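**Student:** This one is input-v5.pdb, PDB, C-alpha atoms and all ligand atoms.
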```pdb
MODEL        1
ATOM      1  CA  MET A1321      79.826  29.470 -21.155
ATOM      2  CA  GLU A1322      82.767  31.683 -20.249
ATOM      3  CA  ILE A1323      86.143  30.439 -21.498
ATOM      4  CA  LEU A1324      89.266  31.928 -19.909
ATOM      5  CA  ILE A1325      92.588  30.942 -21.486
ATOM      6  CA  LEU A1326      95.589  31.731 -19.287
ATOM      7  CA  THR A1327      99.310  31.287 -19.741
ATOM      8  CA  ASP A1328      99.975  28.425 -17.338
ATOM      9  CA  ALA A1329      98.615  26.245 -14.530
ATOM     10  CA  GLN A1330      99.525  28.746 -11.824
ATOM     11  CA  ALA A1331      97.585  31.507 -13.586
ATOM     12  CA  VAL A1332      94.627  29.122 -13.960
ATOM     13  CA  GLY A1333      94.677  28.413 -10.230
ATOM     14  CA  ARG A1334      94.941  32.097  -9.345
ATOM     15  CA  GLN A1335      92.019  33.063 -11.580
ATOM     16  CA  ALA A1336      89.811  30.266 -10.218
ATOM     17  CA  ALA A1337      90.746  31.207  -6.648
ATOM     18  CA  ALA A1338      89.832  34.834  -7.350
ATOM     19  CA  ILE A1339      86.342  33.729  -8.421
ATOM     20  CA  VAL A1340      85.919  31.615  -5.274
ATOM     21  CA  ALA A1341      87.271  34.396  -3.053
ATOM     22  CA  LYS A1342      84.866  36.945  -4.565
ATOM     23  CA  LEU A1343      81.951  34.600  -3.790
ATOM     24  CA  VAL A1344      83.082  34.061  -0.179
ATOM     25  CA  GLU A1345      83.723  37.778   0.391
ATOM     26  CA  ARG A1346      80.094  38.361  -0.611
ATOM     27  CA  ASN A1347      78.807  35.325   1.325
ATOM     28  CA  PRO A1348      81.092  34.024   4.111
ATOM     29  CA  GLU A1349      78.754  31.027   4.519
ATOM     30  CA  ALA A1350      78.965  30.029   0.859
ATOM     31  CA  VAL A1351      78.547  26.355  -0.049
ATOM     32  CA  LEU A1352      81.379  25.050  -2.233
ATOM     33  CA  GLY A1353      81.524  21.831  -4.259
ATOM     34  CA  LEU A1354      85.034  20.420  -3.834
ATOM     35  CA  ALA A1355      86.848  18.515  -6.582
ATOM     36  CA  THR A1356      89.897  16.302  -6.098
ATOM     37  CA  GLY A1357      92.616  15.268  -8.542
ATOM     38  CA  ALA A1358      95.594  17.298  -9.708
ATOM     39  CA  SER A1359      93.695  19.989 -11.627
ATOM     40  CA  PRO A1360      92.242  21.964  -8.687
ATOM     41  CA  GLN A1361      95.504  21.887  -6.702
ATOM     42  CA  GLY A1362      96.576  25.241  -8.154
ATOM     43  CA  LEU A1363      93.232  26.722  -7.155
ATOM     44  CA  TYR A1364      93.542  25.417  -3.595
ATOM     45  CA  ALA A1365      97.141  26.661  -3.326
ATOM     46  CA  ALA A1366      96.118  30.129  -4.514
ATOM     47  CA  LEU A1367      93.203  30.100  -2.050
ATOM     48  CA  ALA A1368      95.647  29.179   0.734
ATOM     49  CA  ASP A1369      97.680  32.285  -0.165
ATOM     50  CA  ARG A1370      94.504  34.358   0.125
ATOM     51  CA  VAL A1371      93.689  32.719   3.474
ATOM     52  CA  ASP A1372      97.171  33.638   4.683
ATOM     53  CA  ALA A1373      96.376  37.201   3.557
ATOM     54  CA  GLY A1374      93.151  37.236   5.546
ATOM     55  CA  LEU A1375      90.407  35.479   3.545
ATOM     56  CA  ASP A1376      88.180  33.718   6.085
ATOM     57  CA  LEU A1377      86.795  30.351   4.927
ATOM     58  CA  SER A1378      85.872  29.129   8.418
ATOM     59  CA  LYS A1379      82.137  29.512   7.798
ATOM     60  CA  VAL A1380      82.178  28.013   4.295
ATOM     61  CA  ALA A1381      80.513  24.621   3.780
ATOM     62  CA  GLY A1382      82.042  22.058   1.439
ATOM     63  CA  PHE A1383      80.642  19.057  -0.408
ATOM     64  CA  ALA A1384      83.049  16.649  -2.096
ATOM     65  CA  LEU A1385      82.221  15.807  -5.682
ATOM     66  CA  ASP A1386      82.866  12.097  -5.269
ATOM     67  CA  GLU A1387      84.441   9.335  -3.179
ATOM     68  CA  TYR A1388      85.747   5.829  -3.747
ATOM     69  CA  VAL A1389      83.806   2.816  -2.480
ATOM     70  CA  GLY A1390      85.428   0.265  -0.219
ATOM     71  CA  ILE A1391      88.638   1.910   0.943
ATOM     72  CA  PRO A1392      88.964   2.911   4.607
ATOM     73  CA  ARG A1393      88.286   6.575   5.410
ATOM     74  CA  GLU A1394      91.851   6.802   6.738
ATOM     75  CA  HIS A1395      93.340   5.501   3.453
ATOM     76  CA  PRO A1396      95.535   8.372   2.179
ATOM     77  CA  GLU A1397      93.756   8.318  -1.178
ATOM     78  CA  SER A1398      90.200   8.215   0.095
ATOM     79  CA  TYR A1399      88.710  11.494  -1.046
ATOM     80  CA  ALA A1400      87.763  12.165   2.578
ATOM     81  CA  GLN A1401      91.497  12.195   3.367
ATOM     82  CA  VAL A1402      92.393  14.063   0.179
ATOM     83  CA  ILE A1403      89.834  16.809   0.896
ATOM     84  CA  ASP A1404      90.982  17.027   4.519
ATOM     85  CA  ARG A1405      94.662  17.210   3.476
ATOM     86  CA  ASP A1406      94.328  19.504   0.456
ATOM     87  CA  VAL A1407      91.361  21.681   1.379
ATOM     88  CA  THR A1408      89.906  21.564   4.909
ATOM     89  CA  ARG A1409      93.093  21.917   6.899
ATOM     90  CA  PRO A1410      95.187  24.223   4.673
ATOM     91  CA  LEU A1411      92.233  26.519   3.960
ATOM     92  CA  GLY A1412      90.953  26.615   7.535
ATOM     93  CA  LEU A1413      87.518  25.182   6.793
ATOM     94  CA  ASP A1414      85.484  23.869   9.744
ATOM     95  CA  PRO A1415      85.612  20.043   9.381
ATOM     96  CA  ARG A1416      82.037  19.898  10.681
ATOM     97  CA  ARG A1417      80.933  21.815   7.577
ATOM     98  CA  VAL A1418      82.801  19.577   5.086
ATOM     99  CA  HIS A1419      80.875  16.595   3.706
ATOM    100  CA  VAL A1420      82.055  13.599   1.696
ATOM    101  CA  PRO A1421      79.806  10.782   0.451
ATOM    102  CA  ASP A1422      80.096   7.714   2.696
ATOM    103  CA  GLY A1423      81.781   5.111   0.489
ATOM    104  CA  ARG A1424      82.189   2.688   3.346
ATOM    105  CA  THR A1425      78.594   2.066   4.415
ATOM    106  CA  ALA A1426      76.893  -1.252   3.729
ATOM    107  CA  ASP A1427      73.867   0.623   2.367
ATOM    108  CA  LEU A1428      75.376   2.649  -0.485
ATOM    109  CA  GLU A1429      71.979   3.362  -2.026
ATOM    110  CA  ALA A1430      70.854   5.082   1.188
ATOM    111  CA  ALA A1431      74.155   6.988   1.391
ATOM    112  CA  THR A1432      73.754   8.379  -2.121
ATOM    113  CA  ALA A1433      70.177   9.564  -1.530
ATOM    114  CA  ALA A1434      71.223  11.039   1.824
ATOM    115  CA  TYR A1435      74.038  12.987   0.143
ATOM    116  CA  ASP A1436      71.730  14.679  -2.327
ATOM    117  CA  ARG A1437      69.419  15.519   0.607
ATOM    118  CA  GLU A1438      72.342  16.977   2.579
ATOM    119  CA  ILE A1439      73.242  19.218  -0.357
ATOM    120  CA  ARG A1440      69.640  20.405  -0.659
ATOM    121  CA  ALA A1441      69.393  20.917   3.133
ATOM    122  CA  ALA A1442      72.481  23.162   2.923
ATOM    123  CA  GLY A1443      70.615  25.324   0.404
ATOM    124  CA  GLY A1444      72.360  23.850  -2.641
ATOM    125  CA  ILE A1445      75.885  24.466  -3.867
ATOM    126  CA  ASP A1446      76.829  28.062  -4.692
ATOM    127  CA  LEU A1447      79.946  27.190  -6.671
ATOM    128  CA  GLN A1448      81.013  23.723  -7.811
ATOM    129  CA  ILE A1449      84.712  23.341  -8.556
ATOM    130  CA  LEU A1450      85.336  20.767 -11.309
ATOM    131  CA  GLY A1451      88.181  19.062 -13.099
ATOM    132  CA  ILE A1452      87.692  16.877 -16.149
ATOM    133  CA  GLY A1453      89.005  13.439 -16.961
ATOM    134  CA  GLU A1454      90.798  12.676 -20.210
ATOM    135  CA  ASN A1455      87.693  10.793 -21.337
ATOM    136  CA  GLY A1456      85.541  13.824 -20.570
ATOM    137  CA  HIS A1457      84.181  12.607 -17.221
ATOM    138  CA  ILE A1458      83.341  15.079 -14.475
ATOM    139  CA  GLY A1459      83.287  13.812 -10.937
ATOM    140  CA  PHE A1460      83.085  10.107 -11.598
ATOM    141  CA  ASN A1461      80.338  10.485 -14.178
ATOM    142  CA  GLU A1462      81.726   8.315 -16.927
ATOM    143  CA  PRO A1463      80.673   8.538 -20.593
ATOM    144  CA  THR A1464      76.954   7.746 -21.168
ATOM    145  CA  SER A1465      76.068   9.086 -17.686
ATOM    146  CA  SER A1466      72.618  10.660 -17.859
ATOM    147  CA  PHE A1467      72.478  14.456 -17.705
ATOM    148  CA  ALA A1468      69.656  13.939 -15.165
ATOM    149  CA  SER A1469      71.648  11.578 -12.932
ATOM    150  CA  ARG A1470      71.758  12.027  -9.158
ATOM    151  CA  THR A1471      74.409  11.092  -6.619
ATOM    152  CA  ARG A1472      74.860   7.354  -7.102
ATOM    153  CA  VAL A1473      77.221   4.418  -7.262
ATOM    154  CA  LYS A1474      79.237   4.204 -10.489
ATOM    155  CA  THR A1475      81.682   1.642 -11.829
ATOM    156  CA  LEU A1476      84.920   3.337 -12.814
ATOM    157  CA  ALA A1477      86.014   2.998 -16.423
ATOM    158  CA  PRO A1478      89.293   1.081 -16.799
ATOM    159  CA  SER A1479      90.858   4.253 -18.240
ATOM    160  CA  THR A1480      89.805   6.214 -15.142
ATOM    161  CA  ARG A1481      91.229   3.573 -12.809
ATOM    162  CA  ALA A1482      94.443   3.631 -14.853
ATOM    163  CA  ALA A1483      94.600   7.454 -14.725
ATOM    164  CA  ASN A1484      94.091   7.434 -10.953
ATOM    165  CA  ALA A1485      96.522   4.556 -10.345
ATOM    166  CA  ARG A1486      99.276   7.158  -9.994
ATOM    167  CA  PHE A1487      97.968   7.872  -6.498
ATOM    168  CA  PHE A1488      98.028   4.215  -5.371
ATOM    169  CA  ALA A1489     100.828   1.740  -4.555
ATOM    170  CA  ARG A1490      99.567  -0.766  -7.152
ATOM    171  CA  PRO A1491      97.116  -0.373 -10.051
ATOM    172  CA  GLU A1492      94.953  -3.124  -8.601
ATOM    173  CA  ASP A1493      94.587  -1.033  -5.429
ATOM    174  CA  VAL A1494      92.440   1.503  -7.271
ATOM    175  CA  PRO A1495      88.799   0.910  -6.277
ATOM    176  CA  THR A1496      86.386  -0.307  -8.933
ATOM    177  CA  HIS A1497      83.357   1.600  -7.656
ATOM    178  CA  CYS A1498      82.684   5.109  -6.431
ATOM    179  CA  LEU A1499      79.955   7.426  -5.259
ATOM    180  CA  THR A1500      79.654  10.549  -7.362
ATOM    181  CA  GLN A1501      77.421  13.563  -7.513
ATOM    182  CA  GLY A1502      75.357  12.992 -10.647
ATOM    183  CA  LEU A1503      75.379  15.343 -13.614
ATOM    184  CA  GLY A1504      71.887  16.444 -12.570
ATOM    185  CA  THR A1505      73.178  17.178  -9.074
ATOM    186  CA  ILE A1506      76.179  19.094 -10.471
ATOM    187  CA  LEU A1507      73.984  21.128 -12.822
ATOM    188  CA  GLU A1508      71.901  22.306  -9.841
ATOM    189  CA  ALA A1509      74.895  24.234  -8.480
ATOM    190  CA  ARG A1510      74.412  27.955  -8.984
ATOM    191  CA  GLN A1511      77.833  28.343 -10.619
ATOM    192  CA  LEU A1512      80.342  25.911 -12.142
ATOM    193  CA  VAL A1513      84.067  26.565 -12.432
ATOM    194  CA  LEU A1514      85.989  23.907 -14.352
ATOM    195  CA  VAL A1515      89.796  24.030 -14.350
ATOM    196  CA  ALA A1516      91.991  22.036 -16.702
ATOM    197  CA  THR A1517      95.630  22.241 -17.655
ATOM    198  CA  GLY A1518      98.016  20.330 -19.888
ATOM    199  CA  GLN A1519      97.891  18.842 -23.357
ATOM    200  CA  SER A1520      96.305  15.610 -22.120
ATOM    201  CA  LYS A1521      93.070  17.508 -21.367
ATOM    202  CA  ALA A1522      92.890  19.332 -24.714
ATOM    203  CA  PRO A1523      90.640  16.729 -26.406
ATOM    204  CA  ALA A1524      88.231  16.601 -23.442
ATOM    205  CA  ILE A1525      88.077  20.415 -23.215
ATOM    206  CA  ALA A1526      87.454  20.800 -26.955
ATOM    207  CA  ALA A1527      84.709  18.156 -26.842
ATOM    208  CA  ALA A1528      83.098  19.563 -23.677
ATOM    209  CA  VAL A1529      83.182  23.212 -24.778
ATOM    210  CA  GLU A1530      82.746  23.086 -28.572
ATOM    211  CA  GLY A1531      81.513  19.587 -29.227
ATOM    212  CA  PRO A1532      77.902  18.424 -29.350
ATOM    213  CA  LEU A1533      75.874  17.979 -26.181
ATOM    214  CA  THR A1534      76.357  14.243 -25.739
ATOM    215  CA  SER A1535      76.449  11.798 -22.862
ATOM    216  CA  MET A1536      79.592  10.432 -24.476
ATOM    217  CA  VAL A1537      81.282  13.567 -23.110
ATOM    218  CA  PRO A1538      79.867  14.190 -19.626
ATOM    219  CA  GLY A1539      81.743  17.515 -19.509
ATOM    220  CA  SER A1540      79.495  18.759 -22.352
ATOM    221  CA  ALA A1541      76.801  19.030 -19.656
ATOM    222  CA  LEU A1542      78.343  22.431 -18.877
ATOM    223  CA  GLN A1543      76.713  23.655 -22.096
ATOM    224  CA  LEU A1544      73.384  23.291 -20.266
ATOM    225  CA  HIS A1545      74.393  25.461 -17.321
ATOM    226  CA  ALA A1546      73.519  29.160 -17.132
ATOM    227  CA  ARG A1547      76.751  30.111 -15.359
ATOM    228  CA  ALA A1548      79.710  27.877 -16.241
ATOM    229  CA  THR A1549      83.279  29.135 -16.461
ATOM    230  CA  VAL A1550      86.033  27.012 -17.995
ATOM    231  CA  ILE A1551      89.547  28.126 -17.049
ATOM    232  CA  VAL A1552      92.360  26.495 -19.009
ATOM    233  CA  ASP A1553      96.016  27.011 -19.821
ATOM    234  CA  GLU A1554      97.310  27.284 -23.399
ATOM    235  CA  ALA A1555      97.971  23.541 -23.642
ATOM    236  CA  ALA A1556      94.501  22.474 -22.530
ATOM    237  CA  ALA A1557      93.019  25.107 -24.896
ATOM    238  CA  SER A1558      95.104  23.959 -27.847
ATOM    239  CA  LEU A1559      92.315  22.073 -29.654
ATOM    240  CA  LEU A1560      89.654  24.781 -29.263
ATOM    241  CA  THR A1561      88.735  26.429 -32.577
ATOM    242  CA  LEU A1562      87.378  29.775 -31.306
ATOM    243  CA  THR A1563      90.354  30.781 -29.155
ATOM    244  CA  ASP A1564      90.609  34.238 -30.795
ATOM    245  CA  TYR A1565      86.966  34.845 -29.877
ATOM    246  CA  TYR A1566      87.444  33.621 -26.269
ATOM    247  CA  ARG A1567      90.477  35.869 -25.835
ATOM    248  CA  TYR A1568      88.657  38.831 -27.385
ATOM    249  CA  THR A1569      85.601  38.427 -25.152
ATOM    250  CA  ALA A1570      87.781  37.958 -22.056
ATOM    251  CA  ASP A1571      89.772  41.104 -22.919
ATOM    252  CA  ASN A1572      86.614  43.097 -23.548
ATOM    253  CA  ARG A1573      84.429  41.984 -20.640
ATOM    254  CA  PRO A1574      82.386  44.669 -18.890
ATOM    255  CA  VAL A1575      84.532  45.799 -15.970
ATOM    256  CA  TRP A1576      82.095  44.313 -13.451
ATOM    257  CA  GLN A1577      82.660  40.836 -14.955
ATOM    258  CA  VAL A1578      86.428  40.925 -14.429
ATOM    259  CA  VAL A1579      87.505  38.997 -11.288
ATOM    260  CA  ASP A1580      91.101  39.094 -10.150
TER     261      ASP A1580
HETATM  262  C1  LIG B   1      89.060  11.790 -11.007
HETATM  263  C2  LIG B   1      88.131  12.671 -10.181
HETATM  264  C3  LIG B   1      87.581  13.833 -10.990
HETATM  265  C4  LIG B   1      88.761  14.562 -11.627
HETATM  266  C5  LIG B   1      89.457  13.610 -12.579
HETATM  267  C6  LIG B   1      90.624  14.292 -13.291
HETATM  268  O1  LIG B   1      88.327  10.949 -11.818
HETATM  269  N1  LIG B   1      87.004  11.892  -9.659
HETATM  270  O2  LIG B   1      86.853  14.706 -10.134
HETATM  271  O3  LIG B   1      88.315  15.719 -12.333
HETATM  272  O4  LIG B   1      89.970  12.495 -11.823
HETATM  273  O5  LIG B   1      91.670  14.356 -12.345
HETATM  274  P1  LIG B   1      93.010  15.212 -12.619
HETATM  275  O6  LIG B   1      92.619  16.634 -12.378
HETATM  276  O7  LIG B   1      94.003  14.689 -11.631
HETATM  277  O8  LIG B   1      93.410  14.967 -14.057
ENDMDL
END
```
Let me see the structure of the file written as structure tokens.
Ligand code: GLP
**Tutor:**
Amino acid sequence: MEILILTDAQAVGRQAAAIVAKLVERNPEAVLGLATGASPQGLYAALADRVDAGLDLSKVAGFALDEYVGIPREHPESYAQVIDRDVTRPLGLDPRRVHVPDGRTADLEAATAAYDREIRAAGGIDLQILGIGENGHIGFNEPTSSFASRTRVKTLAPSTRAANARFFARPEDVPTHCLTQGLGTILEARQLVLVATGQSKAPAIAAAVEGPLTSMVPGSALQLHARATVIVDEAAASLLTLTDYYRYTADNRPVWQVVD
């Protein structure tokens, strides 16, 4: 696992965007996994700057990491709307190439299986963008999610609903269920880039990066991936114990590994 510790959230977003941009410059039809929440906003903003400077994302495909169940697609906090508002439109993606699990269908089981099939039919995800919840969840894979899990319906932990309530008018408006790419689905992506900033994520980052491989910390699944990069600011890195080593290795990477 590659750990990059940067000075602040803006630097985290710029570094993550540089990695995405390098992928797309090599493969204009790259398939991206798209995360929501506050953490990837810096990445998307930095990508928008690159789009303004000429980066062409119009042939990129996108697959959302997760979606709520039971709120209308046009609800401002449905992830379909969030992805459209924060990613598809500002980054100039083709809406026909952006996919979000269907949290509104009566047959959720069929929708989850269909989503995994859609990802496979697209050739798999080249780079999955991830955040991490304070309880260590990635996507909506809550603690004790199986590392082999597929896209499926999950019940949100009360702490996750509380953390996401900031986006809703009333706490009770936060959906109870969601569809999420499973940890097994996420681990099939060819590259993972997890971004986290702020002191509130320090315990989850320390547990995911340096803690044991345990379903109690779904983010620890990144330890199983051959190509996972964790990009954090000083605050989110503050509980890591090998920070000197991470900084040393980042400063002494072979030149071809440096992306900026
Ligand atoms: C939600 C999303 C996750 C996200 C997490 C943390 O649960 N489903 O994909 O990583 O929140 O969000 P934030 O980055 O806003 O802290």
**Student:** Between chain A and ligand LIG 1 (chain B), at 9 Å or less, what are the per-residue closest atom pairs and their distances in Å? Count all atoms listed in the file, order by chain and rising residue number, and return it as JSON lines.
**Tutor:**
```
{"residue": "A:Leu1354", "atom": "CA", "partner": "B:LIG1", "partner_atom": "O2", "distance": 8.7}
{"residue": "A:Ala1355", "atom": "CA", "partner": "B:LIG1", "partner_atom": "O2", "distance": 5.2}
{"residue": "A:Thr1356", "atom": "CA", "partner": "B:LIG1", "partner_atom": "O2", "distance": 5.3}
{"residue": "A:Gly1357", "atom": "CA", "partner": "B:LIG1", "partner_atom": "O7", "distance": 3.4}
{"residue": "A:Ala1358", "atom": "CA", "partner": "B:LIG1", "partner_atom": "O7", "distance": 3.6}
{"residue": "A:Ser1359", "atom": "CA", "partner": "B:LIG1", "partner_atom": "O6", "distance": 3.6}
{"residue": "A:Pro1360", "atom": "CA", "partner": "B:LIG1", "partner_atom": "O6", "distance": 6.5}
{"residue": "A:Gln1361", "atom": "CA", "partner": "B:LIG1", "partner_atom": "O6", "distance": 8.3}
{"residue": "A:Leu1385", "atom": "CA", "partner": "B:LIG1", "partner_atom": "O2", "distance": 6.5}
{"residue": "A:Asp1386", "atom": "CA", "partner": "B:LIG1", "partner_atom": "N1", "distance": 6.0}
{"residue": "A:Glu1387", "atom": "CA", "partner": "B:LIG1", "partner_atom": "N1", "distance": 7.4}
{"residue": "A:Tyr1388", "atom": "CA", "partner": "B:LIG1", "partner_atom": "N1", "distance": 8.6}
{"residue": "A:Tyr1399", "atom": "CA", "partner": "B:LIG1", "partner_atom": "N1", "distance": 8.8}
{"residue": "A:Leu1450", "atom": "CA", "partner": "B:LIG1", "partner_atom": "O3", "distance": 6.0}
{"residue": "A:Gly1451", "atom": "CA", "partner": "B:LIG1", "partner_atom": "O3", "distance": 3.4}
{"residue": "A:Ile1452", "atom": "CA", "partner": "B:LIG1", "partner_atom": "O3", "distance": 4.0}
{"residue": "A:Gly1453", "atom": "CA", "partner": "B:LIG1", "partner_atom": "C6", "distance": 4.1}
{"residue": "A:Glu1454", "atom": "CA", "partner": "B:LIG1", "partner_atom": "O8", "distance": 7.1}
{"residue": "A:Gly1456", "atom": "CA", "partner": "B:LIG1", "partner_atom": "C6", "distance": 8.9}
{"residue": "A:His1457", "atom": "CA", "partner": "B:LIG1", "partner_atom": "O1", "distance": 7.0}
{"residue": "A:Ile1458", "atom": "CA", "partner": "B:LIG1", "partner_atom": "O3", "distance": 5.5}
{"residue": "A:Gly1459", "atom": "CA", "partner": "B:LIG1", "partner_atom": "O2", "distance": 3.8}
{"residue": "A:Phe1460", "atom": "CA", "partner": "B:LIG1", "partner_atom": "N1", "distance": 4.7}
{"residue": "A:Asn1461", "atom": "CA", "partner": "B:LIG1", "partner_atom": "N1", "distance": 8.2}
{"residue": "A:Glu1462", "atom": "CA", "partner": "B:LIG1", "partner_atom": "O1", "distance": 8.8}
{"residue": "A:Leu1476", "atom": "CA", "partner": "B:LIG1", "partner_atom": "O1", "distance": 8.4}
{"residue": "A:Thr1480", "atom": "CA", "partner": "B:LIG1", "partner_atom": "O1", "distance": 6.0}
{"residue": "A:Arg1481", "atom": "CA", "partner": "B:LIG1", "partner_atom": "O1", "distance": 8.0}
{"residue": "A:Ala1483", "atom": "CA", "partner": "B:LIG1", "partner_atom": "O4", "distance": 7.4}
{"residue": "A:Asn1484", "atom": "CA", "partner": "B:LIG1", "partner_atom": "O4", "distance": 6.6}
{"residue": "A:Cys1498", "atom": "CA", "partner": "B:LIG1", "partner_atom": "N1", "distance": 8.7}
{"residue": "A:Thr1500", "atom": "CA", "partner": "B:LIG1", "partner_atom": "N1", "distance": 7.8}
{"residue": "A:Leu1514", "atom": "CA", "partner": "B:LIG1", "partner_atom": "O3", "distance": 8.7}
{"residue": "A:Val1515", "atom": "CA", "partner": "B:LIG1", "partner_atom": "O6", "distance": 8.2}
{"residue": "A:Ala1516", "atom": "CA", "partner": "B:LIG1", "partner_atom": "O6", "distance": 6.9}
{"residue": "A:Thr1517", "atom": "CA", "partner": "B:LIG1", "partner_atom": "O6", "distance": 8.3}
{"residue": "A:Ser1520", "atom": "CA", "partner": "B:LIG1", "partner_atom": "O8", "distance": 8.6}
{"residue": "A:Lys1521", "atom": "CA", "partner": "B:LIG1", "partner_atom": "O8", "distance": 7.7}
```
**Student:** Which of these residues is nearest to Gln1335 in chain A, using only C-alpha atoms: A:Gln1501, A:His1395, A:Tyr1364, A:Leu1447?
**Tutor:**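 Answer, going by the shortest atom-to-atom distance: A:Tyr1364.
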**Student:** Name the closest residue to His1497 in chain A among the candidates A:Val1344, A:Asn1572, A:Val1389, A:Ala1384; distances are taken between atoms, counting only C-alpha atoms.
**Tutor:**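 Among A:Val1344, A:Asn1572, A:Val1389, A:Ala1384, it is A:Val1389 that comes nearest to His1497 in chain A.
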**Student:** Would you compute the distance between CA of Val1380 in chain A and CA of Val1420 in chain A? Give it in Å to one decimal.
**Tutor:**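 Interatomic distance here is 14.6 Å.
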**Student:** On this structure, which residues satisfy the PyMOL selection byres (((chain A and resi 1321) around 12) and not hetatm), written as a PyMOL selection string?
**Tutor:** chain A and resi 1322-1324+1511-1514+1528-1530+1540-1551+1566+1569-1570
**Student:** With a distance cut-off of 8 Å and only C-alpha atoms, select the neighbouring residues of Asp1446 in chain A, excluding the residue or stretch itself and same-chain residues fewer than 6 positions from it, and output the selection as a list in words.
**Tutor:**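 My list of contacting residues is Ala1350, Val1351, Leu1352, Gly1353, Ala1509, Arg1510 and Gln1511 of chain A.
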**Student:** Keeping C-alpha atoms for every residue in the selection just given, could you write it to a file as an mmCIF file, in the frame of the given file?
**Tutor:**
```cif
data_model
loop_
_atom_site.group_PDB
_atom_site.id
_atom_site.type_symbol
_atom_site.label_atom_id
_atom_site.label_comp_id
_atom_site.auth_asym_id
_atom_site.auth_seq_id
_atom_site.Cartn_x
_atom_site.Cartn_y
_atom_site.Cartn_z
ATOM 1 C CA ALA A 1350 78.965 30.029 0.859
ATOM 2 C CA VAL A 1351 78.547 26.355 -0.049
ATOM 3 C CA LEU A 1352 81.379 25.050 -2.233
ATOM 4 C CA GLY A 1353 81.524 21.831 -4.259
ATOM 5 C CA ALA A 1509 74.895 24.234 -8.480
ATOM 6 C CA ARG A 1510 74.412 27.955 -8.984
ATOM 7 C CA GLN A 1511 77.833 28.343 -10.619
#
```
**Student:** Using all atoms listed in the file, which of the listed residues (A:Gly1518, A:Gly1539, A:Pro1523, A:Pro1495) sits closest to Ala1555 in chain A?
**Tutor:**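 The answer is A:Gly1518, which sits nearest to Ala1555 in chain A.
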**Student:** In Å to one decimal, how far is CA of Asp1376 in chain A from CA of Ile1506 in chain A?
**Tutor:** 25.1 Å
